[in-house]
$ cat start.pdb   # PDB, C-alpha atoms
ATOM      1  CA  MET A  73      -6.205   8.453  -8.052  1.00  0.00           C
ATOM      2  CA  ARG A  74      -3.413   7.719  -5.572  1.00  0.00           C
ATOM      3  CA  VAL A  75       0.011   6.825  -6.965  1.00  0.00           C
ATOM      4  CA  LEU A  76       2.906   5.363  -4.995  1.00  0.00           C
ATOM      5  CA  GLN A  77       6.261   6.095  -6.639  1.00  0.00           C
ATOM      6  CA  LEU A  78       8.632   3.232  -5.755  1.00  0.00           C
ATOM      7  CA  LEU A  79      12.406   3.824  -5.918  1.00  0.00           C
ATOM      8  CA  THR A  80      15.430   2.233  -4.287  1.00  0.00           C
ATOM      9  CA  HIS A  81      16.796   5.621  -3.145  1.00  0.00           C
ATOM     10  CA  LEU A  82      16.317   9.381  -3.415  1.00  0.00           C
ATOM     11  CA  ASP A  83      19.915  10.430  -4.014  1.00  0.00           C
ATOM     12  CA  ILE A  84      20.940  12.762  -6.825  1.00  0.00           C
ATOM     13  CA  GLY A  85      20.479  11.126 -10.216  1.00  0.00           C
ATOM     14  CA  GLY A  86      18.305  10.764 -13.270  1.00  0.00           C
ATOM     15  CA  ILE A  87      15.635   8.472 -11.843  1.00  0.00           C
ATOM     16  CA  THR A  88      15.150  10.654  -8.779  1.00  0.00           C
ATOM     17  CA  THR A  89      14.959  13.805 -10.913  1.00  0.00           C
ATOM     18  CA  TYR A  90      12.456  12.164 -13.273  1.00  0.00           C
ATOM     19  CA  THR A  91      10.341  10.986 -10.337  1.00  0.00           C
ATOM     20  CA  TYR A  92      10.446  14.436  -8.735  1.00  0.00           C
ATOM     21  CA  THR A  93       9.369  16.146 -11.969  1.00  0.00           C
ATOM     22  CA  LEU A  94       6.601  13.621 -12.623  1.00  0.00           C
ATOM     23  CA  SER A  95       5.357  13.771  -9.022  1.00  0.00           C
ATOM     24  CA  ARG A  96       5.261  17.567  -9.096  1.00  0.00           C
ATOM     25  CA  TYR A  97       3.226  17.476 -12.321  1.00  0.00           C
ATOM     26  CA  LEU A  98       0.822  14.785 -11.075  1.00  0.00           C
ATOM     27  CA  LYS A  99       0.235  16.691  -7.843  1.00  0.00           C
ATOM     28  CA  ARG A 100      -0.482  19.878  -9.791  1.00  0.00           C
ATOM     29  CA  GLU A 101      -3.031  17.898 -11.855  1.00  0.00           C
ATOM     30  CA  GLY A 102      -4.835  16.746  -8.703  1.00  0.00           C
ATOM     31  CA  VAL A 103      -3.348  13.261  -8.359  1.00  0.00           C
ATOM     32  CA  SER A 104      -2.338  12.166  -4.849  1.00  0.00           C
ATOM     33  CA  VAL A 105       1.297  11.082  -4.924  1.00  0.00           C
ATOM     34  CA  ALA A 106       3.591   9.501  -2.343  1.00  0.00           C
ATOM     35  CA  VAL A 107       7.114   8.126  -2.562  1.00  0.00           C
ATOM     36  CA  ALA A 108       8.555   4.988  -0.962  1.00  0.00           C
ATOM     37  CA  SER A 109      12.319   4.464  -0.934  1.00  0.00           C
ATOM     38  CA  SER A 110      15.315   3.993   1.314  1.00  0.00           C
ATOM     39  CA  GLY A 111      15.683   7.782   1.472  1.00  0.00           C
ATOM     40  CA  GLY A 112      18.454  10.012   0.228  1.00  0.00           C
ATOM     41  CA  SER A 113      19.714  13.538  -0.253  1.00  0.00           C
ATOM     42  CA  ARG A 114      16.694  14.650  -2.348  1.00  0.00           C
ATOM     43  CA  GLN A 115      14.056  13.499   0.147  1.00  0.00           C
ATOM     44  CA  ASP A 116      13.470  17.047   1.389  1.00  0.00           C
ATOM     45  CA  ASP A 117      12.661  18.178  -2.170  1.00  0.00           C
ATOM     46  CA  PHE A 118       9.624  15.876  -2.158  1.00  0.00           C
ATOM     47  CA  LEU A 119       8.628  16.908   1.361  1.00  0.00           C
ATOM     48  CA  ARG A 120       8.702  20.604   0.367  1.00  0.00           C
ATOM     49  CA  LEU A 121       6.021  19.758  -2.215  1.00  0.00           C
ATOM     50  CA  ASN A 122       3.959  18.098   0.544  1.00  0.00           C
ATOM     51  CA  ILE A 123       4.534  14.707  -1.061  1.00  0.00           C
ATOM     52  CA  PRO A 124       4.673  12.027   1.647  1.00  0.00           C
ATOM     53  CA  VAL A 125       7.897  10.014   1.717  1.00  0.00           C
ATOM     54  CA  PHE A 126       7.809   6.546   3.273  1.00  0.00           C
ATOM     55  CA  LYS A 127      10.934   4.730   4.402  1.00  0.00           C
ATOM     56  CA  LEU A 128      11.403   1.388   2.682  1.00  0.00           C
ATOM     57  CA  ASN A 129      14.514  -0.724   3.279  1.00  0.00           C
ATOM     58  CA  ILE A 130      15.124  -1.621  -0.353  1.00  0.00           C
ATOM     59  CA  ARG A 131      18.566  -0.271  -1.170  1.00  0.00           C
ATOM     60  CA  THR A 132      20.002  -3.144  -3.203  1.00  0.00           C
ATOM     61  CA  LYS A 133      20.868  -3.847  -6.827  1.00  0.00           C
ATOM     62  CA  SER A 134      19.955  -7.532  -6.691  1.00  0.00           C
ATOM     63  CA  GLU A 135      16.556  -8.635  -7.980  1.00  0.00           C
ATOM     64  CA  ILE A 136      16.800 -11.734  -5.758  1.00  0.00           C
ATOM     65  CA  SER A 137      17.698  -9.925  -2.530  1.00  0.00           C
ATOM     66  CA  PHE A 138      15.856 -10.873   0.642  1.00  0.00           C
ATOM     67  CA  LYS A 139      15.231  -7.125   1.057  1.00  0.00           C
ATOM     68  CA  ILE A 140      12.557  -7.403  -1.631  1.00  0.00           C
ATOM     69  CA  LEU A 141      10.433  -9.721   0.498  1.00  0.00           C
ATOM     70  CA  LEU A 142      10.836  -7.392   3.468  1.00  0.00           C
ATOM     71  CA  ALA A 143       9.886  -4.424   1.273  1.00  0.00           C
ATOM     72  CA  VAL A 144       6.730  -6.207   0.099  1.00  0.00           C
ATOM     73  CA  ALA A 145       5.740  -6.655   3.749  1.00  0.00           C
ATOM     74  CA  GLU A 146       6.479  -2.967   4.409  1.00  0.00           C
ATOM     75  CA  LEU A 147       4.232  -1.976   1.488  1.00  0.00           C
ATOM     76  CA  PHE A 148       1.250  -3.454   3.332  1.00  0.00           C
ATOM     77  CA  SER A 149       1.962  -1.060   6.209  1.00  0.00           C
ATOM     78  CA  ILE A 150       2.456   1.887   3.856  1.00  0.00           C
ATOM     79  CA  ARG A 151      -0.840   1.118   2.119  1.00  0.00           C
ATOM     80  CA  LYS A 152      -2.677   1.488   5.442  1.00  0.00           C
ATOM     81  CA  ARG A 153      -1.317   5.047   5.769  1.00  0.00           C
ATOM     82  CA  PHE A 154      -1.546   5.942   2.066  1.00  0.00           C
ATOM     83  CA  PRO A 155      -4.130   3.728   0.312  1.00  0.00           C
ATOM     84  CA  PHE A 156      -2.587   3.848  -3.161  1.00  0.00           C
ATOM     85  CA  ASP A 157      -4.419   2.688  -6.289  1.00  0.00           C
ATOM     86  CA  ILE A 158      -1.340   2.001  -8.404  1.00  0.00           C
ATOM     87  CA  ILE A 159       2.418   1.602  -7.978  1.00  0.00           C
ATOM     88  CA  HIS A 160       4.891   3.260 -10.334  1.00  0.00           C
ATOM     89  CA  ALA A 161       8.151   1.270 -10.040  1.00  0.00           C
ATOM     90  CA  HIS A 162      11.357   2.828 -11.361  1.00  0.00           C
ATOM     91  CA  THR A 163      14.152   0.236 -11.021  1.00  0.00           C
ATOM     92  CA  ARG A 164      14.636  -3.475 -11.626  1.00  0.00           C
ATOM     93  CA  VAL A 165      14.481  -4.149  -7.885  1.00  0.00           C
ATOM     94  CA  THR A 166      11.288  -2.137  -7.457  1.00  0.00           C
ATOM     95  CA  HIS A 167       9.774  -3.824 -10.533  1.00  0.00           C
ATOM     96  CA  VAL A 168      10.128  -7.183  -8.781  1.00  0.00           C
ATOM     97  CA  THR A 169       8.830  -5.704  -5.523  1.00  0.00           C
ATOM     98  CA  ALA A 170       5.783  -4.177  -7.218  1.00  0.00           C
ATOM     99  CA  HIS A 171       5.101  -7.380  -9.139  1.00  0.00           C
ATOM    100  CA  LEU A 172       5.079  -9.479  -5.958  1.00  0.00           C
ATOM    101  CA  PHE A 173       2.880  -6.957  -4.146  1.00  0.00           C
ATOM    102  CA  SER A 174       0.509  -6.847  -7.116  1.00  0.00           C
ATOM    103  CA  PHE A 175       0.344 -10.641  -7.227  1.00  0.00           C
ATOM    104  CA  LEU A 176      -0.647 -10.712  -3.543  1.00  0.00           C
ATOM    105  CA  THR A 177      -3.095  -7.793  -3.583  1.00  0.00           C
ATOM    106  CA  GLY A 178      -4.253  -7.136  -7.136  1.00  0.00           C
ATOM    107  CA  VAL A 179      -2.941  -3.553  -7.005  1.00  0.00           C
ATOM    108  CA  PRO A 180      -1.730  -2.720 -10.535  1.00  0.00           C
ATOM    109  CA  TYR A 181       1.727  -1.359 -11.214  1.00  0.00           C
ATOM    110  CA  ILE A 182       3.656   0.416 -13.936  1.00  0.00           C
ATOM    111  CA  ALA A 183       7.254  -0.658 -14.542  1.00  0.00           C
ATOM    112  CA  ASN A 184       9.279   2.249 -15.883  1.00  0.00           C
ATOM    113  CA  PHE A 185      12.524   1.237 -17.635  1.00  0.00           C
ATOM    114  CA  HIS A 186      14.960   4.156 -17.459  1.00  0.00           C
ATOM    115  CA  GLY A 187      17.875   2.363 -19.132  1.00  0.00           C
ATOM    116  CA  PHE A 188      19.571  -0.943 -19.771  1.00  0.00           C
ATOM    117  CA  TYR A 189      22.502  -2.484 -17.961  1.00  0.00           C
ATOM    118  CA  GLN A 190      23.575  -5.184 -20.401  1.00  0.00           C
ATOM    119  CA  LYS A 191      23.771  -5.135 -24.160  1.00  0.00           C
ATOM    120  CA  HIS A 192      21.517  -8.163 -24.718  1.00  0.00           C
ATOM    121  CA  TYR A 193      18.607  -6.380 -23.029  1.00  0.00           C
ATOM    122  CA  ARG A 194      18.795  -3.634 -25.624  1.00  0.00           C
ATOM    123  CA  ARG A 195      18.558  -6.108 -28.507  1.00  0.00           C
ATOM    124  CA  TRP A 196      15.554  -7.778 -26.859  1.00  0.00           C
ATOM    125  CA  GLY A 197      13.858  -4.409 -26.388  1.00  0.00           C
ATOM    126  CA  ARG A 198      14.217  -3.465 -30.025  1.00  0.00           C
ATOM    127  CA  ARG A 199      12.429  -6.626 -31.092  1.00  0.00           C
ATOM    128  CA  MET A 200       9.807  -6.371 -28.368  1.00  0.00           C
ATOM    129  CA  LEU A 201       9.046  -2.644 -28.611  1.00  0.00           C
ATOM    130  CA  LYS A 202       9.373  -2.069 -32.346  1.00  0.00           C
ATOM    131  CA  ALA A 203       7.667   1.140 -33.422  1.00  0.00           C
ATOM    132  CA  GLN A 204       5.224   0.923 -36.291  1.00  0.00           C
ATOM    133  CA  GLY A 205       4.602   4.173 -38.087  1.00  0.00           C
ATOM    134  CA  ASP A 206       5.218   7.691 -36.852  1.00  0.00           C
ATOM    135  CA  LEU A 207       5.329   8.275 -33.114  1.00  0.00           C
ATOM    136  CA  ALA A 208       5.472  12.067 -33.013  1.00  0.00           C
TER     137      ALA A 208
END

$ encode --input "start.pdb" --output "structure tokens"
Amino acid sequence: MRVLQLLTHLDIGGITTYTYTLSRYLKREGVSVAVASSGGSRQDDFLRLNIPVFKLNIRTKSEISFKILLAVAELFSIRKRFPFDIIHAHTRVTHVTAHLFSFLTGVPYIANFHGFYQKHYRRWGRRMLKAQGDLA
């Protein structure tokens, strides 16, 4: 399996650390992993693990930014160099990007929600993702 981790940036922070840890584990388990983002201070950490890092101009916080359409086009080019089977998107912006790319190509994606930005999202999530029974 080939997984493309999709992030807006690779600067110091929780999402980047999570992605680094997950990518390191997946690689150790024999999964091919690559990262696409606008780059950042932790990019070399991924490269030291021999995880390819692709430049993607997607540094924005707006889910309706024109950069998303440009990023979708760039994903076609990235897929020629790293023919990924699935996209793992880590931010709201990359969720939209992955969804559009999936709609156009049929490539599945996983949308990872690392947190919530507005209180009403949290209330919605509790109703939507209600646990039933023991989880652990």

$ closest_residue --input "start.pdb" --among "A:Arg151, A:Val168, A:Phe118, A:Tyr181" --to "Phe138 in chain A" --atoms "only C-alpha atoms"
A:Val168

$ residues_around --input "start.pdb" --residues "Leu119 in chain A" --least-positions-apart "2" --cutoff "12 Å" --atoms "only C-alpha atoms" --output "ChimeraX atom specification"
/A:82,92,95-96,105-107,111,113-117,121-126

$ closest_residue --input "start.pdb" --among "A:Thr166, A:Gly178, A:Leu98, A:His160" --to "Leu128 in chain A" --atoms "only C-alpha atoms"
A:Thr166

$ axis_aligned_box --input "start.pdb" --around "range 144-150 of chain A" --padding-each-side "4 Å" --output "JSON"
{"center_x": 4.0, "center_y": -2.4, "center_z": 3.2, "size_x": 13.5, "size_y": 16.5, "size_z": 14.1}

$ atom_distance --input "start.pdb" --atom1 "CA of Asn129 in chain A" --atom2 "CA of Thr80 in chain A"
8.2 Å

$ resolve_selection --input "start.pdb" --expression "the PyMOL selection byres ((chain A and resi 161) around 9)" --output "list in words"
Leu76, Gln77, Leu78, Leu79, Ile159, His160, His162, Thr163, Arg164, Val165, Thr166, His167, Val168, Thr169, Ala170, Tyr181, Ile182, Ala183, Asn184 and Phe185 of chain A

$ residues_around --input "start.pdb" --residues "Ile158 in chain A" --least-positions-apart "5" --cutoff "6 Å" --atoms "all atoms listed in the file" --output "ChimeraX atom specification"
/A:75,179-181

$ write_last_selection --input "start.pdb" --atoms "C-alpha atoms" --output "mmCIF file, in the frame of the given file"
data_model
loop_
_atom_site.group_PDB
_atom_site.id
_atom_site.type_symbol
_atom_site.label_atom_id
_atom_site.label_comp_id
_atom_site.auth_asym_id
_atom_site.auth_seq_id
_atom_site.Cartn_x
_atom_site.Cartn_y
_atom_site.Cartn_z
ATOM 1 C CA VAL A 75 0.011 6.825 -6.965
ATOM 2 C CA VAL A 179 -2.941 -3.553 -7.005
ATOM 3 C CA PRO A 180 -1.730 -2.720 -10.535
ATOM 4 C CA TYR A 181 1.727 -1.359 -11.214
#

$ decode --input "start.pdb" --residues "range 90-200 of chain A" --atoms "C-alpha atoms" --output "PDB file, in the first residue's frame"
ATOM      1  CA  TYR A  90       1.514  12.950  14.808  1.00  0.00           C
ATOM      2  CA  THR A  91       2.138  12.580  11.072  1.00  0.00           C
ATOM      3  CA  TYR A  92       5.855  11.991  11.639  1.00  0.00           C
ATOM      4  CA  THR A  93       5.191   9.307  14.266  1.00  0.00           C
ATOM      5  CA  LEU A  94       2.539   7.595  12.143  1.00  0.00           C
ATOM      6  CA  SER A  95       4.696   7.733   9.003  1.00  0.00           C
ATOM      7  CA  ARG A  96       7.671   6.256  10.846  1.00  0.00           C
ATOM      8  CA  TYR A  97       5.491   3.396  12.120  1.00  0.00           C
ATOM      9  CA  LEU A  98       3.874   2.726   8.728  1.00  0.00           C
ATOM     10  CA  LYS A  99       7.270   2.670   7.029  1.00  0.00           C
ATOM     11  CA  ARG A 100       8.584   0.217   9.622  1.00  0.00           C
ATOM     12  CA  GLU A 101       5.545  -1.999   8.888  1.00  0.00           C
ATOM     13  CA  GLY A 102       6.346  -2.034   5.164  1.00  0.00           C
ATOM     14  CA  VAL A 103       3.906   0.628   3.965  1.00  0.00           C
ATOM     15  CA  SER A 104       5.219   3.129   1.404  1.00  0.00           C
ATOM     16  CA  VAL A 105       4.635   6.634   2.734  1.00  0.00           C
ATOM     17  CA  ALA A 106       5.120  10.094   1.244  1.00  0.00           C
ATOM     18  CA  VAL A 107       4.209  13.556   2.481  1.00  0.00           C
ATOM     19  CA  ALA A 108       2.790  16.494   0.521  1.00  0.00           C
ATOM     20  CA  SER A 109       2.727  19.945   2.113  1.00  0.00           C
ATOM     21  CA  SER A 110       3.962  23.494   1.748  1.00  0.00           C
ATOM     22  CA  GLY A 111       7.110  22.502   3.650  1.00  0.00           C
ATOM     23  CA  GLY A 112       8.394  23.656   7.000  1.00  0.00           C
ATOM     24  CA  SER A 113      11.031  23.304   9.678  1.00  0.00           C
ATOM     25  CA  ARG A 114      10.397  19.558  10.231  1.00  0.00           C
ATOM     26  CA  GLN A 115      10.732  18.571   6.568  1.00  0.00           C
ATOM     27  CA  ASP A 116      14.249  17.223   7.100  1.00  0.00           C
ATOM     28  CA  ASP A 117      12.955  14.865   9.814  1.00  0.00           C
ATOM     29  CA  PHE A 118      10.854  13.074   7.186  1.00  0.00           C
ATOM     30  CA  LEU A 119      13.688  13.080   4.655  1.00  0.00           C
ATOM     31  CA  ARG A 120      16.049  11.462   7.198  1.00  0.00           C
ATOM     32  CA  LEU A 121      13.592   8.543   7.322  1.00  0.00           C
ATOM     33  CA  ASN A 122      13.731   8.330   3.507  1.00  0.00           C
ATOM     34  CA  ILE A 123      10.121   9.484   3.307  1.00  0.00           C
ATOM     35  CA  PRO A 124       9.612  11.522   0.125  1.00  0.00           C
ATOM     36  CA  VAL A 125       8.338  15.057   0.697  1.00  0.00           C
ATOM     37  CA  PHE A 126       6.494  16.778  -2.148  1.00  0.00           C
ATOM     38  CA  LYS A 127       6.000  20.529  -2.293  1.00  0.00           C
ATOM     39  CA  LEU A 128       2.350  21.534  -2.439  1.00  0.00           C
ATOM     40  CA  ASN A 129       1.302  25.193  -2.350  1.00  0.00           C
ATOM     41  CA  ILE A 130      -1.527  24.766   0.137  1.00  0.00           C
ATOM     42  CA  ARG A 131      -0.630  26.966   3.085  1.00  0.00           C
ATOM     43  CA  THR A 132      -4.005  28.527   3.871  1.00  0.00           C
ATOM     44  CA  LYS A 133      -6.651  28.254   6.573  1.00  0.00           C
ATOM     45  CA  SER A 134      -9.590  28.840   4.239  1.00  0.00           C
ATOM     46  CA  GLU A 135     -11.543  25.848   2.951  1.00  0.00           C
ATOM     47  CA  ILE A 136     -12.667  27.957  -0.031  1.00  0.00           C
ATOM     48  CA  SER A 137      -9.217  29.215  -1.039  1.00  0.00           C
ATOM     49  CA  PHE A 138      -8.245  29.081  -4.698  1.00  0.00           C
ATOM     50  CA  LYS A 139      -5.065  27.336  -3.492  1.00  0.00           C
ATOM     51  CA  ILE A 140      -7.130  24.181  -3.012  1.00  0.00           C
ATOM     52  CA  LEU A 141      -7.897  23.930  -6.723  1.00  0.00           C
ATOM     53  CA  LEU A 142      -4.232  24.484  -7.537  1.00  0.00           C
ATOM     54  CA  ALA A 143      -3.261  21.821  -4.988  1.00  0.00           C
ATOM     55  CA  VAL A 144      -5.666  19.323  -6.568  1.00  0.00           C
ATOM     56  CA  ALA A 145      -3.933  19.914  -9.908  1.00  0.00           C
ATOM     57  CA  GLU A 146      -0.532  19.456  -8.232  1.00  0.00           C
ATOM     58  CA  LEU A 147      -1.687  16.130  -6.758  1.00  0.00           C
ATOM     59  CA  PHE A 148      -2.032  14.735 -10.282  1.00  0.00           C
ATOM     60  CA  SER A 149       1.658  15.499 -10.845  1.00  0.00           C
ATOM     61  CA  ILE A 150       2.647  14.036  -7.476  1.00  0.00           C
ATOM     62  CA  ARG A 151       0.702  10.855  -8.229  1.00  0.00           C
ATOM     63  CA  LYS A 152       2.817  10.302 -11.356  1.00  0.00           C
ATOM     64  CA  ARG A 153       5.971  10.310  -9.195  1.00  0.00           C
ATOM     65  CA  PHE A 154       4.454   8.488  -6.205  1.00  0.00           C
ATOM     66  CA  PRO A 155       1.410   6.436  -7.292  1.00  0.00           C
ATOM     67  CA  PHE A 156      -0.429   6.505  -3.964  1.00  0.00           C
ATOM     68  CA  ASP A 157      -3.385   4.240  -3.178  1.00  0.00           C
ATOM     69  CA  ILE A 158      -4.919   6.404  -0.460  1.00  0.00           C
ATOM     70  CA  ILE A 159      -4.646   9.945   0.901  1.00  0.00           C
ATOM     71  CA  HIS A 160      -4.509  10.655   4.629  1.00  0.00           C
ATOM     72  CA  ALA A 161      -5.628  14.292   5.068  1.00  0.00           C
ATOM     73  CA  HIS A 162      -4.886  16.037   8.364  1.00  0.00           C
ATOM     74  CA  THR A 163      -6.500  19.506   8.248  1.00  0.00           C
ATOM     75  CA  ARG A 164      -9.777  21.048   7.127  1.00  0.00           C
ATOM     76  CA  VAL A 165      -8.095  22.472   4.026  1.00  0.00           C
ATOM     77  CA  THR A 166      -6.522  19.139   3.110  1.00  0.00           C
ATOM     78  CA  HIS A 167      -9.838  17.357   3.761  1.00  0.00           C
ATOM     79  CA  VAL A 168     -11.439  19.490   1.047  1.00  0.00           C
ATOM     80  CA  THR A 169      -8.432  18.980  -1.229  1.00  0.00           C
ATOM     81  CA  ALA A 170      -8.500  15.201  -0.777  1.00  0.00           C
ATOM     82  CA  HIS A 171     -12.260  15.090  -1.281  1.00  0.00           C
ATOM     83  CA  LEU A 172     -12.037  16.946  -4.602  1.00  0.00           C
ATOM     84  CA  PHE A 173      -9.142  14.776  -5.777  1.00  0.00           C
ATOM     85  CA  SER A 174     -11.039  11.643  -4.756  1.00  0.00           C
ATOM     86  CA  PHE A 175     -14.146  12.828  -6.596  1.00  0.00           C
ATOM     87  CA  LEU A 176     -12.092  13.293  -9.778  1.00  0.00           C
ATOM     88  CA  THR A 177     -10.008  10.111  -9.548  1.00  0.00           C
ATOM     89  CA  GLY A 178     -11.709   7.625  -7.241  1.00  0.00           C
ATOM     90  CA  VAL A 179      -8.656   7.514  -4.951  1.00  0.00           C
ATOM     91  CA  PRO A 180      -9.990   7.018  -1.402  1.00  0.00           C
ATOM     92  CA  TYR A 181      -9.001   9.277   1.460  1.00  0.00           C
ATOM     93  CA  ILE A 182      -9.037   9.347   5.238  1.00  0.00           C
ATOM     94  CA  ALA A 183      -9.933  12.629   6.937  1.00  0.00           C
ATOM     95  CA  ASN A 184      -8.234  12.860  10.315  1.00  0.00           C
ATOM     96  CA  PHE A 185      -9.796  15.412  12.696  1.00  0.00           C
ATOM     97  CA  HIS A 186      -7.145  16.527  15.189  1.00  0.00           C
ATOM     98  CA  GLY A 187      -9.312  19.103  16.972  1.00  0.00           C
ATOM     99  CA  PHE A 188     -12.178  21.535  16.672  1.00  0.00           C
ATOM    100  CA  TYR A 189     -12.063  25.260  16.073  1.00  0.00           C
ATOM    101  CA  GLN A 190     -15.576  26.301  17.057  1.00  0.00           C
ATOM    102  CA  LYS A 191     -17.763  25.131  19.889  1.00  0.00           C
ATOM    103  CA  HIS A 192     -20.713  24.079  17.708  1.00  0.00           C
ATOM    104  CA  TYR A 193     -18.544  21.515  15.912  1.00  0.00           C
ATOM    105  CA  ARG A 194     -17.886  19.776  19.206  1.00  0.00           C
ATOM    106  CA  ARG A 195     -21.601  19.448  19.970  1.00  0.00           C
ATOM    107  CA  TRP A 196     -22.217  18.034  16.485  1.00  0.00           C
ATOM    108  CA  GLY A 197     -19.402  15.521  16.936  1.00  0.00           C
ATOM    109  CA  ARG A 198     -20.788  14.212  20.193  1.00  0.00           C
ATOM    110  CA  ARG A 199     -24.106  13.431  18.547  1.00  0.00           C
ATOM    111  CA  MET A 200     -22.511  12.032  15.407  1.00  0.00           C
TER     112      MET A 200
END
